[in-house]
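> Coordinates in query30.cif, mmCIF, C-alpha atoms, are listed below.
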data_protein
#
loop_
_atom_site.label_atom_id
_atom_site.label_comp_id
_atom_site.auth_asym_id
_atom_site.auth_seq_id
_atom_site.Cartn_x
_atom_site.Cartn_y
_atom_site.Cartn_z
CA MET T 86 -18.21 73.54 49.23
CA VAL T 87 -18.74 75.75 46.19
CA THR T 88 -16.08 75.57 43.50
CA HIS T 89 -15.30 79.16 42.52
CA PRO T 90 -14.08 80.16 39.06
CA ASP T 91 -10.54 81.01 40.14
CA SER T 92 -10.05 77.54 41.66
CA ILE T 93 -9.97 75.72 38.30
CA THR T 94 -6.47 75.06 37.06
CA ALA T 95 -6.24 71.44 35.89
CA THR T 96 -7.02 70.39 32.34
CA THR T 97 -9.74 67.74 32.14
CA ARG T 98 -9.17 64.62 30.11
CA TYR T 99 -11.71 65.93 27.59
CA GLU T 100 -9.85 69.21 27.18
CA GLN T 101 -6.69 67.17 26.64
CA ILE T 102 -8.46 65.24 23.84
CA MET T 103 -9.37 68.58 22.28
CA LEU T 104 -5.74 69.69 22.46
CA ASP T 105 -4.65 66.39 20.89
CA HIS T 106 -6.97 67.14 17.94
CA SER T 107 -5.68 70.69 17.60
CA HIS T 108 -3.16 71.55 14.88
CA HIS T 109 -2.78 75.26 15.59
CA PRO T 110 -3.86 77.60 18.41
CA ALA T 111 -6.78 79.13 16.51
CA ASP T 112 -8.45 76.00 15.12
CA ALA T 113 -11.83 74.69 16.20
CA ALA T 114 -10.46 72.09 18.64
CA ALA T 115 -8.35 74.70 20.41
CA ARG T 116 -11.25 77.14 20.56
CA LEU T 117 -13.54 74.44 21.94
CA ARG T 118 -10.96 73.69 24.60
CA GLU T 119 -10.88 77.36 25.60
CA ALA T 120 -14.70 77.54 25.60
CA SER T 121 -14.87 74.42 27.78
CA ARG T 122 -12.37 75.86 30.22
CA THR T 123 -14.15 79.22 30.26
CA ALA T 124 -17.45 77.50 31.05
CA ARG T 125 -15.90 75.59 33.93
CA ASN T 126 -14.55 78.89 35.25
CA THR T 127 -17.96 80.52 34.84
CA VAL T 128 -20.34 77.95 36.32
CA ALA T 129 -19.81 77.61 40.07
CA VAL T 130 -20.81 74.26 41.57
CA SER T 131 -21.33 72.77 44.99
CA GLY T 132 -20.21 69.21 45.61
CA ASP T 133 -18.78 66.43 43.47
CA GLN T 134 -22.05 65.57 41.68
CA GLN T 135 -22.46 69.08 40.28
CA ARG T 136 -18.79 69.15 39.34
CA GLN T 137 -19.12 65.88 37.40
CA ILE T 138 -22.22 67.23 35.65
CA ARG T 139 -20.51 70.50 34.76
CA ASP T 140 -17.25 68.99 33.54
CA VAL T 141 -18.92 66.39 31.29
CA ALA T 142 -21.32 69.05 30.01
CA ALA T 143 -18.41 71.36 29.14
CA GLY T 144 -16.12 68.68 27.75
CA VAL T 145 -18.44 66.24 26.00
CA ALA T 146 -22.08 67.33 25.73
CA ALA T 147 -21.37 70.88 24.54
CA PRO T 148 -19.15 69.86 21.58
CA THR T 149 -21.55 66.99 20.75
CA LEU T 150 -24.55 69.32 20.53
CA ILE T 151 -22.95 72.54 19.28
CA GLY T 152 -21.23 70.74 16.41
CA ALA T 153 -24.60 69.35 15.35
CA VAL T 154 -26.36 72.72 15.61
CA ILE T 155 -23.76 74.46 13.45
CA TRP T 156 -24.17 71.71 10.85
CA MET T 157 -27.98 71.91 11.02
CA LEU T 158 -27.99 75.64 10.37
CA GLU T 159 -25.49 75.36 7.52
CA HIS T 160 -27.36 72.38 6.04
CA ALA T 161 -30.65 74.26 6.20
CA ARG T 162 -29.09 77.08 4.20
CA HIS T 163 -27.63 74.59 1.72
CA ARG T 164 -31.06 72.97 1.28
CA ARG T 165 -32.69 76.43 0.95
CA LEU T 166 -35.02 75.77 3.85
CA SER T 167 -37.16 78.66 5.03
CA ARG T 168 -37.69 77.42 8.57
CA LEU T 169 -36.45 74.98 11.18
CA ARG T 170 -38.88 73.43 13.63
CA PHE T 171 -37.20 71.96 16.70
CA LEU T 172 -39.27 69.02 17.98
CA SER T 173 -39.83 68.62 21.69
CA ARG T 174 -38.33 67.44 23.87
CA ASP T 175 -34.98 66.37 22.38
CA GLY T 176 -34.98 69.36 20.04
CA GLN T 177 -35.25 71.90 22.84
CA ILE T 178 -31.54 72.11 23.59
CA PHE T 179 -30.71 72.33 19.86
CA TYR T 180 -33.11 75.27 19.65
CA GLU T 181 -31.63 77.03 22.66
CA LEU T 182 -28.08 76.59 21.38
CA ALA T 183 -29.03 77.72 17.86
CA ARG T 184 -30.34 80.99 19.29
CA ARG T 185 -27.05 81.55 21.14
CA LEU T 186 -24.74 81.06 18.17
CA PRO T 187 -23.82 84.06 15.95
CA PRO T 188 -27.00 85.43 14.28
CA HIS T 189 -25.63 85.26 10.75
CA LEU T 190 -25.77 81.46 10.95
CA HIS T 191 -29.56 81.48 10.98
CA ALA T 192 -30.24 84.76 9.16
CA GLY T 193 -33.32 84.35 6.99
CA ILE T 194 -34.31 81.05 8.64
CA ASP T 195 -37.35 81.03 10.91
CA LEU T 196 -36.51 79.12 14.10
CA GLU T 197 -39.29 77.79 16.32
CA TYR T 198 -39.59 75.25 19.12
CA VAL T 199 -42.70 73.10 18.63
CA TYR T 200 -44.43 70.49 20.75
CA SER T 201 -44.39 66.86 19.66
CA SER T 202 -44.06 63.38 21.08
CA ARG T 203 -43.88 59.78 19.94
CA LEU T 204 -46.96 59.20 22.09
CA THR T 205 -49.16 61.78 20.36
CA TRP T 206 -47.89 61.54 16.80
CA SER T 207 -47.80 57.74 16.75
CA LEU T 208 -51.34 57.57 18.08
CA ALA T 209 -52.57 60.05 15.46
CA ALA T 210 -51.09 57.88 12.70
CA SER T 211 -52.48 54.60 14.05
CA ASN T 212 -55.42 52.59 12.74
CA ALA T 213 -57.95 51.53 15.40
CA ASP T 214 -58.84 48.43 13.34
CA SER T 215 -55.24 47.15 13.35
CA LEU T 216 -53.85 48.22 16.70
CA ASP T 217 -52.29 44.79 17.12
CA GLN T 218 -50.00 45.64 14.18
CA GLU T 219 -48.79 48.97 15.62
CA ALA T 220 -45.22 48.23 16.72
CA TRP T 221 -44.89 51.47 18.69
CA LEU T 222 -47.38 50.15 21.24
CA PHE T 223 -45.00 47.36 22.26
CA ASN T 224 -41.48 48.58 21.53
CA SER T 225 -38.96 50.77 23.28
CA PHE T 226 -35.73 50.10 25.17
CA MET T 227 -38.01 48.36 27.68
CA LYS T 228 -40.92 46.54 26.05
CA SER T 229 -44.43 47.41 27.23
CA ASN T 230 -46.14 45.85 30.19
CA ALA T 231 -49.92 46.09 30.63
CA THR T 232 -49.71 49.50 32.31
CA ASP T 233 -47.45 50.88 29.57
CA LEU T 234 -49.77 49.60 26.84
CA CYS T 235 -52.81 51.32 28.32
CA ALA T 236 -50.85 54.52 28.96
CA ARG T 237 -49.75 54.70 25.33
CA LEU T 238 -53.36 54.38 24.22
CA GLY T 239 -54.66 56.87 26.77
CA LEU T 240 -56.78 54.20 28.47
CA ARG T 241 -57.41 54.03 32.21
CA ILE T 242 -56.20 50.54 33.05
CA ASN T 243 -58.76 50.14 35.83
CA ASP T 244 -61.54 50.56 33.26
CA HIS T 245 -60.25 47.59 31.26
CA LEU T 246 -59.14 45.07 33.88
CA ALA T 247 -61.81 42.54 32.88
CA ALA T 248 -60.85 42.73 29.18
CA LEU T 249 -57.17 42.43 29.99
CA GLU T 250 -57.82 39.38 32.15
CA ALA T 251 -60.07 37.81 29.52
CA ALA T 252 -57.35 38.23 26.90
CA GLY T 253 -54.77 36.66 29.20
CA VAL T 254 -52.68 39.81 29.72
CA SER T 255 -50.57 39.66 32.87
CA LEU T 256 -50.75 42.69 35.14
CA ASP T 257 -47.33 41.90 36.60
CA ALA T 258 -45.10 44.92 35.91
CA ASP T 259 -42.16 42.65 35.09
CA THR T 260 -44.08 40.72 32.43
CA ARG T 261 -43.45 42.54 29.18
CA ALA T 262 -44.08 42.31 25.46
CA ASP T 263 -40.76 40.60 24.79
CA GLU T 264 -42.42 37.42 26.11
CA HIS T 265 -44.37 35.66 23.35
CA GLN T 266 -47.37 34.78 25.50
CA GLN T 267 -47.70 38.34 26.81
CA ILE T 268 -47.52 40.08 23.44
CA GLU T 269 -50.04 37.68 21.92
CA ALA T 270 -52.39 38.35 24.83
CA MET T 271 -51.89 42.10 24.38
CA LYS T 272 -52.76 41.83 20.69
CA LYS T 273 -55.89 39.89 21.57
CA PHE T 274 -56.85 42.66 23.99
CA LEU T 275 -56.31 45.30 21.29
CA ARG T 276 -58.66 43.45 18.94
CA THR T 277 -61.62 43.64 21.34
CA PRO T 278 -64.46 45.88 20.07
CA ARG T 279 -64.58 48.02 23.22
CA VAL T 280 -60.89 48.86 23.03
CA ARG T 281 -61.04 49.58 19.30
CA ALA T 282 -64.00 51.90 19.82
CA ALA T 283 -62.41 53.78 22.72
CA VAL T 284 -59.07 54.17 20.99
CA GLY T 285 -60.69 54.96 17.64
CA ALA T 286 -62.40 58.04 19.05
CA ARG T 287 -59.12 59.19 20.61
CA ILE T 288 -57.23 58.64 17.34
CA THR T 289 -59.77 60.65 15.34
CA GLU T 290 -59.59 63.58 17.73
CA THR T 291 -55.79 63.51 18.06
CA ARG T 292 -55.31 63.24 14.29
CA GLN T 293 -57.38 66.34 13.53
CA LEU T 294 -55.66 68.35 16.26
CA LEU T 295 -52.25 67.32 14.91
CA ILE T 296 -53.25 68.27 11.35
CA ASP T 297 -54.30 71.72 12.56
CA TYR T 298 -51.20 72.16 14.74
CA ALA T 299 -48.92 71.11 11.88
CA ALA T 300 -50.61 73.54 9.49
CA ALA T 301 -50.30 76.42 11.96
CA HIS T 302 -46.57 75.84 12.41
CA ARG T 303 -45.81 74.73 8.81
CA LEU T 304 -44.49 71.38 9.99
CA ASP T 305 -45.42 69.61 6.76
CA ALA T 306 -44.14 72.22 4.29
CA PRO T 307 -41.43 71.06 1.86
CA ASP T 308 -39.20 74.01 2.77
CA THR T 309 -39.35 73.12 6.48
CA GLY T 310 -36.63 71.24 8.32
CA LEU T 311 -37.70 69.17 11.32
CA VAL T 312 -34.92 69.01 13.91
CA ASP T 313 -34.66 66.10 16.33
CA ALA T 314 -32.04 63.88 17.95
CA GLY T 315 -33.08 61.19 15.49
CA TRP T 316 -32.83 57.38 15.43
CA THR T 317 -35.41 55.45 13.38
CA GLY T 318 -37.37 58.46 12.11
CA ARG T 319 -40.70 56.79 12.91
CA MET T 320 -42.11 59.79 14.77
CA ILE T 321 -41.56 62.07 11.78
CA ASP T 322 -42.95 59.36 9.51
CA SER T 323 -46.10 59.42 11.64
CA LEU T 324 -46.48 63.15 11.04
CA ILE T 325 -46.07 62.64 7.29
CA ARG T 326 -48.70 59.88 7.21
CA VAL T 327 -51.17 62.09 9.05
CA CYS T 328 -50.57 65.36 7.22
CA SER T 329 -49.24 64.64 3.75
CA THR T 330 -51.26 64.84 0.57
CA PRO T 331 -50.52 62.74 -2.53
CA GLY T 332 -47.75 64.16 -4.69
CA ARG T 333 -46.66 66.84 -2.23
CA PRO T 334 -42.95 66.78 -1.28
CA ARG T 335 -42.09 65.88 2.29
CA PRO T 336 -40.49 68.26 4.76
CA HIS T 337 -36.83 67.61 5.48
CA ALA T 338 -35.53 66.02 8.66
CA LEU T 339 -32.24 67.14 10.20
CA LEU T 340 -31.12 64.65 12.82
CA TRP T 341 -28.08 64.01 15.00
CA GLY T 342 -28.12 60.32 14.05
CA TYR T 343 -30.31 58.14 11.84
CA GLU T 344 -30.91 54.39 12.28
CA PRO T 345 -33.90 53.40 10.11
CA ARG T 346 -35.10 49.81 10.41
CA ASP T 347 -36.15 49.41 6.75
CA PRO T 348 -34.60 52.23 4.70
CA ASP T 349 -36.91 53.62 2.03
CA PRO T 350 -35.20 55.80 -0.63
CA ALA T 351 -38.33 57.96 -0.91
CA VAL T 352 -37.92 58.77 2.77
CA THR T 353 -34.16 58.77 3.25
CA ASP T 354 -33.69 61.30 0.44
CA HIS T 355 -35.34 63.85 2.73
CA VAL T 356 -33.44 62.83 5.88
CA SER T 357 -29.99 64.16 6.71
CA ALA T 358 -27.96 63.17 9.75
CA TYR T 359 -24.98 64.91 11.30
CA MET T 360 -22.99 62.18 13.02
CA TYR T 361 -23.98 58.98 11.24
CA ASN T 362 -26.63 57.47 8.97
CA THR T 363 -26.90 53.69 8.97
CA ALA T 364 -29.04 53.77 5.79
CA THR T 365 -26.15 55.17 3.75
CA ARG T 366 -23.27 54.01 6.00
CA GLN T 367 -22.21 57.66 6.30
CA GLY T 368 -20.23 58.09 9.52
CA ALA T 369 -20.51 54.40 10.43
CA ASP T 370 -17.17 54.54 12.25
CA LEU T 371 -18.33 57.53 14.31
CA ARG T 372 -21.14 55.74 16.16
CA VAL T 373 -20.39 54.86 19.77
CA PRO T 374 -22.21 51.91 21.40
CA ASP T 375 -25.79 52.72 22.38
CA ALA T 376 -25.41 56.26 21.06
CA PRO T 377 -29.16 57.05 21.30
CA TYR T 378 -29.19 56.66 25.07
CA LEU T 379 -26.25 59.02 25.47
CA VAL T 380 -27.54 61.72 23.11
CA GLU T 381 -31.07 61.55 24.55
CA THR T 382 -29.52 62.11 27.98
CA PHE T 383 -27.62 65.12 26.63
CA CYS T 384 -30.94 66.39 25.18
CA MET T 385 -32.84 66.35 28.48
CA GLY T 386 -35.78 68.78 28.32
CA ASP T 387 -37.18 71.13 30.96
CA HIS T 388 -40.84 70.09 30.64
CA GLY T 389 -42.87 66.90 30.63
CA ILE T 390 -43.99 64.70 27.75
CA VAL T 391 -46.59 66.04 25.32
CA THR T 392 -49.59 63.80 26.01
CA GLY T 393 -51.87 65.46 23.46
CA TYR T 394 -53.28 68.72 22.10
CA HIS T 395 -56.35 70.78 22.83
CA ARG T 396 -58.12 73.61 21.07
CA SER T 397 -58.08 76.85 23.06
CA PRO T 398 -61.09 79.22 23.25
CA THR T 399 -59.43 81.32 20.54
CA GLY T 400 -59.14 78.30 18.24
CA THR T 401 -55.37 77.79 18.48
CA ILE T 402 -53.99 74.32 19.12
CA GLN T 403 -52.06 74.06 22.38
CA PRO T 404 -50.00 71.16 23.76
CA ILE T 405 -51.04 69.20 26.83
CA LEU T 406 -47.96 68.50 28.96
CA LYS T 407 -47.62 65.70 31.46
CA SER T 408 -45.89 68.25 33.69
CA VAL T 409 -44.94 71.90 33.32
CA GLY T 410 -41.44 71.19 34.60
CA ASN T 411 -39.32 68.04 34.53
CA PRO T 412 -38.83 67.32 38.24
CA ALA T 413 -36.55 64.27 38.13
CA PRO T 414 -33.84 65.81 35.87
CA GLU T 415 -34.19 69.09 37.74
CA SER T 416 -33.40 67.32 41.02
CA TRP T 417 -30.50 65.53 39.36
CA GLY T 418 -28.83 68.74 38.13
CA LEU T 419 -30.51 70.01 34.95
CA ARG T 420 -29.82 73.66 35.77
CA THR T 421 -26.07 73.11 36.23
CA TYR T 422 -26.02 71.12 33.01
CA ARG T 423 -27.88 73.73 30.95
CA ASP T 424 -25.91 76.66 32.44
CA THR T 425 -22.69 74.94 31.39
CA LEU T 426 -23.86 74.30 27.83
CA TYR T 427 -24.92 77.92 27.44
CA ALA T 428 -21.60 79.14 28.83
CA VAL T 429 -19.71 77.07 26.24
CA ALA T 430 -21.95 78.31 23.41
CA ASP T 431 -21.55 81.93 24.52
CA SER T 432 -17.75 81.53 24.59
CA PHE T 433 -17.44 79.66 21.29
CA THR T 434 -17.68 82.70 19.04
CA HIS T 435 -15.36 81.61 16.22
CA LEU T 436 -17.04 78.95 14.13
CA PRO T 437 -15.09 75.95 12.84
CA ASP T 438 -13.79 75.52 9.33
CA GLN T 439 -13.14 71.82 9.87
CA ASP T 440 -15.09 68.66 10.55
CA LEU T 441 -15.66 68.33 14.31
CA ARG T 442 -17.10 64.83 14.15
CA PRO T 443 -13.86 62.85 14.71
CA LEU T 444 -13.20 64.97 17.81
CA ILE T 445 -16.78 64.54 19.03
CA HIS T 446 -16.52 60.78 18.56
CA ASP T 447 -13.37 60.60 20.67
CA LEU T 448 -14.92 62.74 23.41
CA MET T 449 -18.10 60.64 23.48
CA ALA T 450 -16.14 57.38 23.46
CA ALA T 451 -13.93 58.54 26.34
CA PHE T 452 -16.93 59.38 28.50
CA TRP T 453 -19.53 56.81 27.42
CA CYS T 454 -17.27 53.81 26.89
CA ASN T 455 -14.62 54.54 29.53
CA PRO T 456 -16.16 56.59 32.34
CA THR T 457 -14.41 57.17 35.62
CA PRO T 458 -16.17 55.66 38.63
CA GLU T 459 -17.13 59.18 39.73
CA GLU T 460 -18.64 60.01 36.33
CA ALA T 461 -20.46 56.67 36.25
CA ALA T 462 -21.94 57.27 39.70
CA THR T 463 -23.15 60.79 38.85
CA TRP T 464 -24.35 60.32 35.29
CA GLY T 465 -25.52 56.78 36.00
CA SER T 466 -28.02 58.29 38.43
CA TYR T 467 -29.61 60.38 35.67
CA PRO T 468 -33.35 59.43 35.48
CA TYR T 469 -33.49 58.10 31.92
CA ASP T 470 -36.90 57.32 30.40
CA SER T 471 -37.23 55.65 27.01
CA ASP T 472 -40.98 55.06 27.21
CA PRO T 473 -43.29 57.18 25.00
CA ALA T 474 -45.73 57.68 27.89
CA GLY T 475 -43.06 58.26 30.52
CA THR T 476 -43.84 55.13 32.50
CA ALA T 477 -40.35 53.60 32.65
CA VAL T 478 -37.98 56.03 34.40
CA ARG T 479 -34.78 54.22 35.39
CA PRO T 480 -31.25 55.32 36.32
CA LEU T 481 -28.91 55.14 33.33
CA ALA T 482 -26.70 52.73 35.28
CA THR T 483 -27.00 50.66 38.45
CA PRO T 484 -24.56 48.06 39.83
CA LEU T 485 -24.89 44.52 38.54
CA GLU T 486 -26.43 41.99 40.90
CA GLY T 487 -25.82 38.24 41.29
CA PRO T 488 -25.93 35.36 40.98
CA GLN T 489 -26.40 35.72 37.19
CA PRO T 490 -25.84 39.40 36.37
CA ARG T 491 -27.85 40.69 33.41
CA ARG T 492 -28.24 43.99 31.66
CA GLY T 493 -31.91 44.26 32.54
CA ASP T 494 -33.15 47.85 32.46
CA ARG T 495 -29.69 49.45 32.46
CA ALA T 496 -29.22 51.66 29.41
CA TRP T 497 -25.54 52.46 30.08
CA ILE T 498 -23.39 49.34 30.02
CA ALA T 499 -19.96 50.95 30.61
CA GLY T 500 -21.35 53.08 33.43
CA THR T 501 -22.88 49.99 35.00
CA LEU T 502 -19.59 48.10 34.79
CA ALA T 503 -17.67 51.01 36.30
CA ILE T 504 -19.75 50.96 39.48
CA SER T 505 -20.15 47.17 39.77
CA ASN T 506 -18.31 44.60 41.83
CA PRO T 507 -15.28 43.42 39.79
CA ASP T 508 -16.27 39.75 40.05
CA LEU T 509 -19.82 40.44 38.84
CA ARG T 510 -18.42 42.66 36.10
CA GLN T 511 -16.21 39.85 34.81
CA GLN T 512 -19.03 37.34 35.10
CA TYR T 513 -21.31 39.59 33.04
CA LEU T 514 -18.68 40.19 30.34
CA THR T 515 -18.02 36.47 30.06
CA HIS T 516 -21.63 35.75 29.09
CA ALA T 517 -22.85 38.99 27.46
CA SER T 518 -23.27 38.94 23.71
CA ALA T 519 -21.18 41.19 21.47
CA THR T 520 -24.43 42.75 20.20
CA GLU T 521 -25.37 43.80 23.72
CA VAL T 522 -21.95 45.14 24.68
CA ASN T 523 -21.39 46.94 21.37
CA GLY T 524 -24.82 48.61 21.41
CA THR T 525 -26.28 47.51 18.09
CA PRO T 526 -29.19 49.83 17.12
CA ALA T 527 -32.18 48.74 19.15
CA THR T 528 -34.17 51.82 20.08
CA ASP T 529 -37.34 53.27 18.55
#
Could you write out this file's structure as structure tokens?

Amino acid sequence: MVTHPDSITATTRYEQIMLDHSHHPADAAARLREASRTARNTVAVSGDQQRQIRDVAAGVAAPTLIGAVIWMLEHARHRRLSRLRFLSRDGQIFYELARRLPPHLHAGIDLEYVYSSRLTWSLAASNADSLDQEAWLFNSFMKSNATDLCARLGLRINDHLAALEAAGVSLDADTRADEHQQIEAMKKFLRTPRVRAAVGARITETRQLLIDYAAAHRLDAPDTGLVDAGWTGRMIDSLIRVCSTPGRPRPHALLWGYEPRDPDPAVTDHVSAYMYNTATRQGADLRVPDAPYLVETFCMGDHGIVTGYHRSPTGTIQPILKSVGNPAPESWGLRTYRDTLYAVADSFTHLPDQDLRPLIHDLMAAFWCNPTPEEAATWGSYPYDSDPAGTAVRPLATPLEGPQPRRGDRAWIAGTLAISNPDLRQQYLTHASATEVNGTPATD
């Protein structure tokens, strides 16, 4: 059954949180509440899954993203930036929302969506003679297995089975680089001359294409702001290593959140984060557990991973996409989600004169840390993929299994608990570490 606009009367728990943060009828929290309600009255849905997608999009995702976009545009003006480059794929929704907000916010700032990926930029910045020291080849929410490792390097695994076997690399998909024996075998494989030669040629080609693409889109200019969801900043660091020249100032990075592993003042001075920055402790109390997984879900793109670049017959550098569309999120409900975000942005015409971050934190915590079973079932089925090469698509949450329930490949702990057997839930909580439950920064 389709839910028609005139059938919505109840206030959602997220709209109630907005009202609780409101101090007068015309403030930002009140206007967000009206925009959320308007969006729910605008976007018709069919079935409970679409309704859960729409209501969380209107009540949580839209404030989370719109608040950041407003800050990004204002911060760009404050920093006197000439252009903002929104990095695919997480930056796509920021770009689309920026274009829908009042034009005066970005007047005089050149906005462009550009194609990037951890896969391509990290490879371009790698050294073929020290591949075994390149952490990006092994790390992610799920550590690499043999297939992932080859995919990140652009190698056909069937062409290297003998070398993998000789190095002692297991081909079992469940044997990953978090096991000492496996990662040491992987490093041995990466040190073989044939692998270094094959990857070296790919690095050289990818590096030059990235340099040319960056120059064409002014990605490395000091008056450019690179917009992304954020986290460790390693992808942007890869761009800088490839494209920078000695003594030239870096471009700025405008991120939703920033969690650098080893903060470097020379780098962090050019990085600004909206919600929190663990390098400076700014907004430390505003980070919800496992925030990257939530925000990356809210930033779902409508095309596949950028697997490389190619030079067109006219000489321009074009991205190579793993897929033109993004089938798994599209099947899940991407269109309903995006339509709702746009409806909120179109309705939110009066910009805030107050800090929205405390409100955004409470909305995110209500959903992400305390989901209803219905929300957990719907959003837990979202096909989340943390792997640079797109080889590890998993639902955000799946029920715990016995006899010794573990987190495993579940990115969303609270969602998992909400749809799990109560006895298994209690058993898991009894043995899970505080670090795991509280979502200490762990993503690349």
> Using all atoms listed in the file, which of T:Ile178, T:Ala283, T:Ile325, T:Ala519 sits nearest T:Tyr422?
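Answer, going by the shortest atom-to-atom distance: T:Ile178.
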> Considering all atoms listed in the file, can you say which of T:Asp431, T:Tyr467, T:Ala252, T:Pro488 comes closest to T:Thr127?
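Closest to T:Thr127, using all atoms listed in the file: T:Asp431.
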> Select, from T:Pro437, T:Gly285, T:Gly318, T:Pro345, the residue with the minimum atom-to-atom distance to T:Arg203, counting all atoms listed in the file.
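Closest residue, counting all atoms listed in the file: T:Gly318.
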> For this file, the PyMOL selection byres ((chain T and resi 357) around 7) selects which residues, as a list in words?
Ala338, Leu339, Leu340, His355, Val356, Ala358 and Tyr359 of chain T
> I'd like to know which of T:Lys272, T:Leu172, T:Leu158, T:Pro377 is closest to T:Pro188, using all atoms listed in the file.
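That would be T:Leu158, the residue with the smallest distance to T:Pro188.
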> Which residue is closest to T:Trp417? Choose from T:Leu204, T:Ile445, T:Leu371, T:Met385 and count only C-alpha atoms.
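Of all the options, T:Met385 lies closest to T:Trp417.
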> Could you check which of T:Thr421, T:Asn506, T:Gln439, T:Asn523 is closest to T:Ala129, using all atoms listed in the file?
T:Thr421
> Taking the file as shown, what set of residues would the PyMOL selection byres ((chain T and resi 230) around 12) give back, as a ChimeraX atom specification?
/T:222-225,227-229,231-237,242,249,254-264,267-268,270-271,472,476-477
> Run the PyMOL selection byres ((chain T and resi 290-301) around 12) against the file shown and list the residues it catches, as an MDAnalysis selection string.
chainID T and resid 170 172 197 199:202 204:212 238:239 283:289 302:306 309 311 321 323:330 336 391:397 400:405
> So that I can check the surroundings of T:Phe383, please list as an MDAnalysis selection string every protein, DNA and RNA residue that reaches within 9 Å of it, counting all atoms listed in the file and ignoring chain neighbours fewer than 5 positions away.
chainID T and resid 142 146:147 149:150 175 178 378 422
> Fewer than 2 positions away in the same chain doesn't count, so skip those; otherwise give me all residues within 7 Å of stretch 463-466 of chain T, counting only C-alpha atoms, as a list of chain:residue names.
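The residues that qualify are T:Gln134, T:Gln137, T:Glu459, T:Glu460, T:Ala461, T:Pro468, T:Pro480, T:Leu481, T:Ala482, T:Thr483, T:Gly500.
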> Figure out the distance between atom CA of T:Ala183 and atom CA of T:Met157, please, to one decimal in Å.
9.0 Å
> Record the distance separating atom CA of T:Ile155 and atom CA of T:Asp438, expressed in Å with one decimal.
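Between atom CA of T:Ile155 and atom CA of T:Asp438 the gap works out to 10.8 Å.
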> If I take atom CA of T:His189 and atom CA of T:Trp341, how far is one from the other in Å, to one decimal?
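Taking atom CA of T:His189 and atom CA of T:Trp341, their separation equals 21.8 Å.
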> Enumerate, in order of chain and increasing residue number, the residues of stretch 315-430 of chain T with an atom no farther than 10 Å from stretch 115-123 of chain T, each with its shortest atom pair and distance in Å to one decimal, counting all atoms listed in the file, as a Markdown table.

| residue | atom | partner | partner_atom | distance |
| --- | --- | --- | --- | --- |
| T:Thr425 | CA | T:Ser121 | CA | 8.6 |
| T:Leu426 | CA | T:Ser121 | CA | 9.0 |
| T:Ala428 | CA | T:Thr123 | CA | 7.6 |
| T:Val429 | CA | T:Ala120 | CA | 5.1 |
| T:Ala430 | CA | T:Ala120 | CA | 7.6 |
